[in-house]
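J.: This structure is in structure tokens; I'll ask about it shortly.
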Amino acid sequence: MLRALVAMAATATAWDHLTEIRDPETFAALLYVPEGALTHAEDQSWPLLLYLHGAGESGSDVRELISEGATGTPPVALERGAAIPELAEQFVVVAPQTSRGWDPSDVARFVDFLGRSPIVPKLDGRRLYVTGHSMGGAGATYAATTGRFAACVPVAPAGTAGPRTLVGVPVWAFHGRNDAIVPSDYSTRLVKALRKLG
């Protein structure tokens, strides 16, 4: 696998820090591999941050995930070399693209694909995290109901999974109260319900 990672890094020409990968059954995606994954032992496993985009980046051209409208997202920060060191050095980051919304079963199948892919470093199954913004924030909450993720971080989610389906999954929600696109009530109701459920 280390040879595959080195070859991938050597042949990645589309972007400085990200490589396009494709699962023919689910999604194309941008893959970020920390430099340490190229030099550490092959048996070392890495945490995954799966980032689900919002409606504005929907389509079939993964370059849209690092476009002008996607500012502030993990793939943009990584591509520009502006990500916080904890993310850039300690996580494999994958940003899939959809044109049809985030079906949780598709997301689960894509995670299985990542686990089999020879160019993705060995992932630690206990440290798989999902995040997303707007449509992707909602998708992250639904993906968290599959039992694949150790935690979920929805940002301004445009809807959420039912709170009872998220019991046992740590949720760290972010939403600006002045959000003019997606009402912050989605996040407020989710957090209140999760706290009520303990």
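Here's how to read the names in the structure tokens: chain A, B, ... by the order shown, residue numbers from 1 in each chain, ligand numbers from 1 in the order shown.
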Hey, what does DSSP flag as strand (DSSP E or B) within region 85-131 of chain A? Can you give it to me as an MDAnalysis selection string?

T.: chainID A and resid 92:97 123:131

J.: With N, CA and C atoms retained, export the selected residues as a PDB file, in the first residue's frame.

T.:
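again.pdb, freshly written:
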```
ATOM      1  N   VAL A  92      -6.834  11.589   7.545  1.00  0.00           N
ATOM      2  CA  VAL A  92      -7.168  11.390   6.145  1.00  0.00           C
ATOM      3  C   VAL A  92      -8.506  12.111   5.968  1.00  0.00           C
ATOM      4  N   VAL A  93      -8.600  12.964   4.951  1.00  0.00           N
ATOM      5  CA  VAL A  93      -9.830  13.716   4.714  1.00  0.00           C
ATOM      6  C   VAL A  93     -10.362  13.336   3.333  1.00  0.00           C
ATOM      7  N   VAL A  94     -11.640  13.027   3.274  1.00  0.00           N
ATOM      8  CA  VAL A  94     -12.267  12.665   2.009  1.00  0.00           C
ATOM      9  C   VAL A  94     -13.533  13.503   1.846  1.00  0.00           C
ATOM     10  N   ALA A  95     -13.662  14.108   0.666  1.00  0.00           N
ATOM     11  CA  ALA A  95     -14.831  14.924   0.344  1.00  0.00           C
ATOM     12  C   ALA A  95     -15.493  14.357  -0.908  1.00  0.00           C
ATOM     13  N   PRO A  96     -16.540  13.545  -0.746  1.00  0.00           N
ATOM     14  CA  PRO A  96     -17.247  13.026  -1.916  1.00  0.00           C
ATOM     15  C   PRO A  96     -18.166  14.089  -2.506  1.00  0.00           C
ATOM     16  N   GLN A  97     -18.603  13.856  -3.728  1.00  0.00           N
ATOM     17  CA  GLN A  97     -19.542  14.767  -4.382  1.00  0.00           C
ATOM     18  C   GLN A  97     -20.777  13.993  -4.827  1.00  0.00           C
ATOM     19  N   LEU A 123      -7.521   2.886   7.526  1.00  0.00           N
ATOM     20  CA  LEU A 123      -8.355   3.726   8.381  1.00  0.00           C
ATOM     21  C   LEU A 123      -8.653   3.025   9.703  1.00  0.00           C
ATOM     22  N   ASP A 124      -8.697   3.813  10.772  1.00  0.00           N
ATOM     23  CA  ASP A 124      -9.041   3.301  12.090  1.00  0.00           C
ATOM     24  C   ASP A 124     -10.569   3.302  12.201  1.00  0.00           C
ATOM     25  N   GLY A 125     -11.170   2.143  12.169  1.00  0.00           N
ATOM     26  CA  GLY A 125     -12.622   2.027  12.195  1.00  0.00           C
ATOM     27  C   GLY A 125     -13.279   2.629  13.416  1.00  0.00           C
ATOM     28  N   ARG A 126     -12.504   2.869  14.480  1.00  0.00           N
ATOM     29  CA  ARG A 126     -13.062   3.494  15.688  1.00  0.00           C
ATOM     30  C   ARG A 126     -12.966   5.015  15.654  1.00  0.00           C
ATOM     31  N   ARG A 127     -12.295   5.544  14.608  1.00  0.00           N
ATOM     32  CA  ARG A 127     -12.114   7.006  14.521  1.00  0.00           C
ATOM     33  C   ARG A 127     -12.534   7.519  13.139  1.00  0.00           C
ATOM     34  N   LEU A 128     -13.755   7.192  12.765  1.00  0.00           N
ATOM     35  CA  LEU A 128     -14.333   7.698  11.526  1.00  0.00           C
ATOM     36  C   LEU A 128     -15.324   8.786  11.914  1.00  0.00           C
ATOM     37  N   TYR A 129     -15.138   9.990  11.385  1.00  0.00           N
ATOM     38  CA  TYR A 129     -15.973  11.133  11.745  1.00  0.00           C
ATOM     39  C   TYR A 129     -16.612  11.713  10.494  1.00  0.00           C
ATOM     40  N   VAL A 130     -17.844  12.210  10.632  1.00  0.00           N
ATOM     41  CA  VAL A 130     -18.541  12.793   9.495  1.00  0.00           C
ATOM     42  C   VAL A 130     -18.968  14.217   9.837  1.00  0.00           C
ATOM     43  N   THR A 131     -18.768  15.103   8.871  1.00  0.00           N
ATOM     44  CA  THR A 131     -19.178  16.494   9.004  1.00  0.00           C
ATOM     45  C   THR A 131     -19.744  16.945   7.669  1.00  0.00           C
TER      46      THR A 131
END
```

J.: List the neighbours of Lys192 (chain A) out to 12 Å using only C-alpha atoms; skip same-chain residues closer than 6 positions along the sequence, and give me the result as a PDB file with N, CA, C and O atoms, in the first residue's frame.

T.:
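Heads up, here's the output in around_10.pdb:
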```pdb
ATOM      1  N   PRO A 163     -33.708  12.733  16.429  1.00  0.00           N
ATOM      2  CA  PRO A 163     -32.803  12.673  17.583  1.00  0.00           C
ATOM      3  C   PRO A 163     -32.641  11.274  18.164  1.00  0.00           C
ATOM      4  O   PRO A 163     -31.537  10.874  18.533  1.00  0.00           O
ATOM      5  N   ARG A 164     -33.728  10.496  18.219  1.00  0.00           N
ATOM      6  CA  ARG A 164     -33.621   9.143  18.795  1.00  0.00           C
ATOM      7  C   ARG A 164     -32.677   8.254  17.993  1.00  0.00           C
ATOM      8  O   ARG A 164     -32.052   7.363  18.538  1.00  0.00           O
ATOM      9  N   VAL A 171     -22.595  14.347  19.021  1.00  0.00           N
ATOM     10  CA  VAL A 171     -22.924  15.350  18.008  1.00  0.00           C
ATOM     11  C   VAL A 171     -22.429  16.694  18.497  1.00  0.00           C
ATOM     12  O   VAL A 171     -22.737  17.120  19.611  1.00  0.00           O
ATOM     13  N   ALA A 173     -22.762  20.302  17.128  1.00  0.00           N
ATOM     14  CA  ALA A 173     -23.464  21.070  16.100  1.00  0.00           C
ATOM     15  C   ALA A 173     -23.065  22.541  16.127  1.00  0.00           C
ATOM     16  O   ALA A 173     -22.905  23.132  17.192  1.00  0.00           O
ATOM     17  N   ASP A 185     -33.061  27.038  13.789  1.00  0.00           N
ATOM     18  CA  ASP A 185     -33.973  26.202  14.578  1.00  0.00           C
ATOM     19  C   ASP A 185     -33.694  24.713  14.382  1.00  0.00           C
ATOM     20  O   ASP A 185     -33.893  23.918  15.301  1.00  0.00           O
ATOM     21  N   TYR A 186     -33.254  24.314  13.170  1.00  0.00           N
ATOM     22  CA  TYR A 186     -32.942  22.904  12.944  1.00  0.00           C
ATOM     23  C   TYR A 186     -31.925  22.407  13.971  1.00  0.00           C
ATOM     24  O   TYR A 186     -32.110  21.363  14.588  1.00  0.00           O
ATOM     25  N   GLY A 198     -30.596  12.538  26.957  1.00  0.00           N
ATOM     26  CA  GLY A 198     -29.437  12.174  27.766  1.00  0.00           C
ATOM     27  C   GLY A 198     -28.178  11.972  26.978  1.00  0.00           C
ATOM     28  O   GLY A 198     -27.227  11.383  27.457  1.00  0.00           O
TER      29      GLY A 198
END
```

J.: One decimal, Å: what's the distance from CA of Asp43 (chain A) over to CA of Leu114 (chain A), could you say?

T.: 16.0 Å

J.: Skip Glu89 (chain A) itself and residues of its chain fewer than 6 positions away, then list as a tab-separated table (two decimals) with C-alpha atoms, in the first residue's frame all residues within 7 Å of it, counting only C-alpha atoms.

T.:
```tsv
chain	number	residue	atom	x	y	z
A	34	PRO	CA	-1.30	13.53	5.43
A	35	GLU	CA	2.40	13.45	4.67
A	36	GLY	CA	2.98	11.19	7.67
```

J.: Write out, as CSV, each residue of region 154-175 of chain A that has an atom at most 12 Å from region 193-196 of chain A, together with the closest pair of atoms and their distance in Å to one decimal, counting only C-alpha atoms, rows going by chain and rising number.

T.:
```
residue,atom,partner,partner_atom,distance
A:Thr160,CA,A:Ala193,CA,11.5
A:Ala161,CA,A:Leu194,CA,11.2
A:Gly162,CA,A:Ala193,CA,9.1
A:Pro163,CA,A:Leu194,CA,5.8
A:Arg164,CA,A:Leu194,CA,7.6
A:Thr165,CA,A:Leu194,CA,9.9
A:Leu166,CA,A:Leu194,CA,7.9
A:Val167,CA,A:Leu194,CA,7.1
A:Gly168,CA,A:Leu194,CA,9.7
A:Val169,CA,A:Leu194,CA,9.9
A:Pro170,CA,A:Leu194,CA,9.6
A:Val171,CA,A:Leu194,CA,8.7
A:Trp172,CA,A:Leu194,CA,10.9
A:Ala173,CA,A:Leu194,CA,11.1
```

J.: Selection from above, N, CA and C atoms, as a compact mmCIF listing (two decimals), in the first residue's frame, can you write it?

T.:
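Written file, selection.txt:
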```
# COMPACT_ATOMS: atom_id res chain seq x y z
N THR A 160 -32.35 17.49 9.87
CA THR A 160 -31.54 16.54 10.64
C THR A 160 -32.26 15.20 10.73
N ALA A 161 -31.48 14.18 11.05
CA ALA A 161 -32.07 12.89 11.37
C ALA A 161 -32.82 13.02 12.69
N GLY A 162 -33.73 12.09 12.94
CA GLY A 162 -34.46 12.10 14.21
C GLY A 162 -33.52 11.95 15.37
N PRO A 163 -33.71 12.73 16.43
CA PRO A 163 -32.80 12.67 17.58
C PRO A 163 -32.64 11.27 18.16
N ARG A 164 -33.73 10.50 18.22
CA ARG A 164 -33.62 9.14 18.79
C ARG A 164 -32.68 8.25 17.99
N THR A 165 -32.58 8.50 16.68
CA THR A 165 -31.69 7.68 15.85
C THR A 165 -30.23 8.04 16.05
N LEU A 166 -29.98 9.16 16.74
CA LEU A 166 -28.61 9.61 16.98
C LEU A 166 -28.13 9.33 18.40
N VAL A 167 -29.00 8.75 19.23
CA VAL A 167 -28.60 8.45 20.60
C VAL A 167 -27.37 7.54 20.57
N GLY A 168 -26.35 7.90 21.33
CA GLY A 168 -25.11 7.13 21.38
C GLY A 168 -24.03 7.64 20.45
N VAL A 169 -24.39 8.58 19.56
CA VAL A 169 -23.40 9.18 18.66
C VAL A 169 -23.13 10.61 19.14
N PRO A 170 -21.91 10.92 19.53
CA PRO A 170 -21.62 12.30 19.92
C PRO A 170 -21.88 13.25 18.75
N VAL A 171 -22.59 14.35 19.02
CA VAL A 171 -22.92 15.35 18.01
C VAL A 171 -22.43 16.69 18.50
N TRP A 172 -21.64 17.36 17.65
CA TRP A 172 -21.12 18.70 17.96
C TRP A 172 -21.65 19.61 16.86
N ALA A 173 -22.76 20.30 17.13
CA ALA A 173 -23.46 21.07 16.10
C ALA A 173 -23.07 22.54 16.13
```

J.: Just want the 7 Å neighbourhood of Val76 (chain A), counted on only C-alpha atoms, with same-chain residues fewer than 5 positions away dropped. Output as an MDAnalysis selection string.

T.: chainID A and resid 66 70:71

J.: Pick the closest to Val182 (chain A) from A:Leu49, A:Leu78, A:Val120, A:Ala156: which is it, counting only C-alpha atoms?

T.: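 Closest to Val182 (chain A) of all the choices is A:Ala156.
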
J.: How far is it from CA of Gln44 (chain A) to CA of Pro104 (chain A), in Å with one decimal?

T.: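 It comes out at 27.9 Å.
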
J.: Quick check, in Å to one decimal: how far apart do CA of Thr146 (chain A) and CA of Phe110 (chain A) lie?

T.: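 Rounded to one decimal, the two atoms are 12.2 Å apart.
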
J.: Among region 19-198 of chain A, which residues does DSSP mark as alpha helix (DSSP H) when it is run on the backbone? Keep the chain and numbering as in the structure and answer as a ChimeraX atom specification.

T.: /A:35-39,74-79,85-90,104-116,135-144,185-196

J.: What lies within 10 Å of Val111 (chain A) using only C-alpha atoms, ignoring chain neighbours under 2 positions off, as an MDAnalysis selection string?

T.: chainID A and resid 26 48 50 94 105:109 113:117 123 125 128 148:149
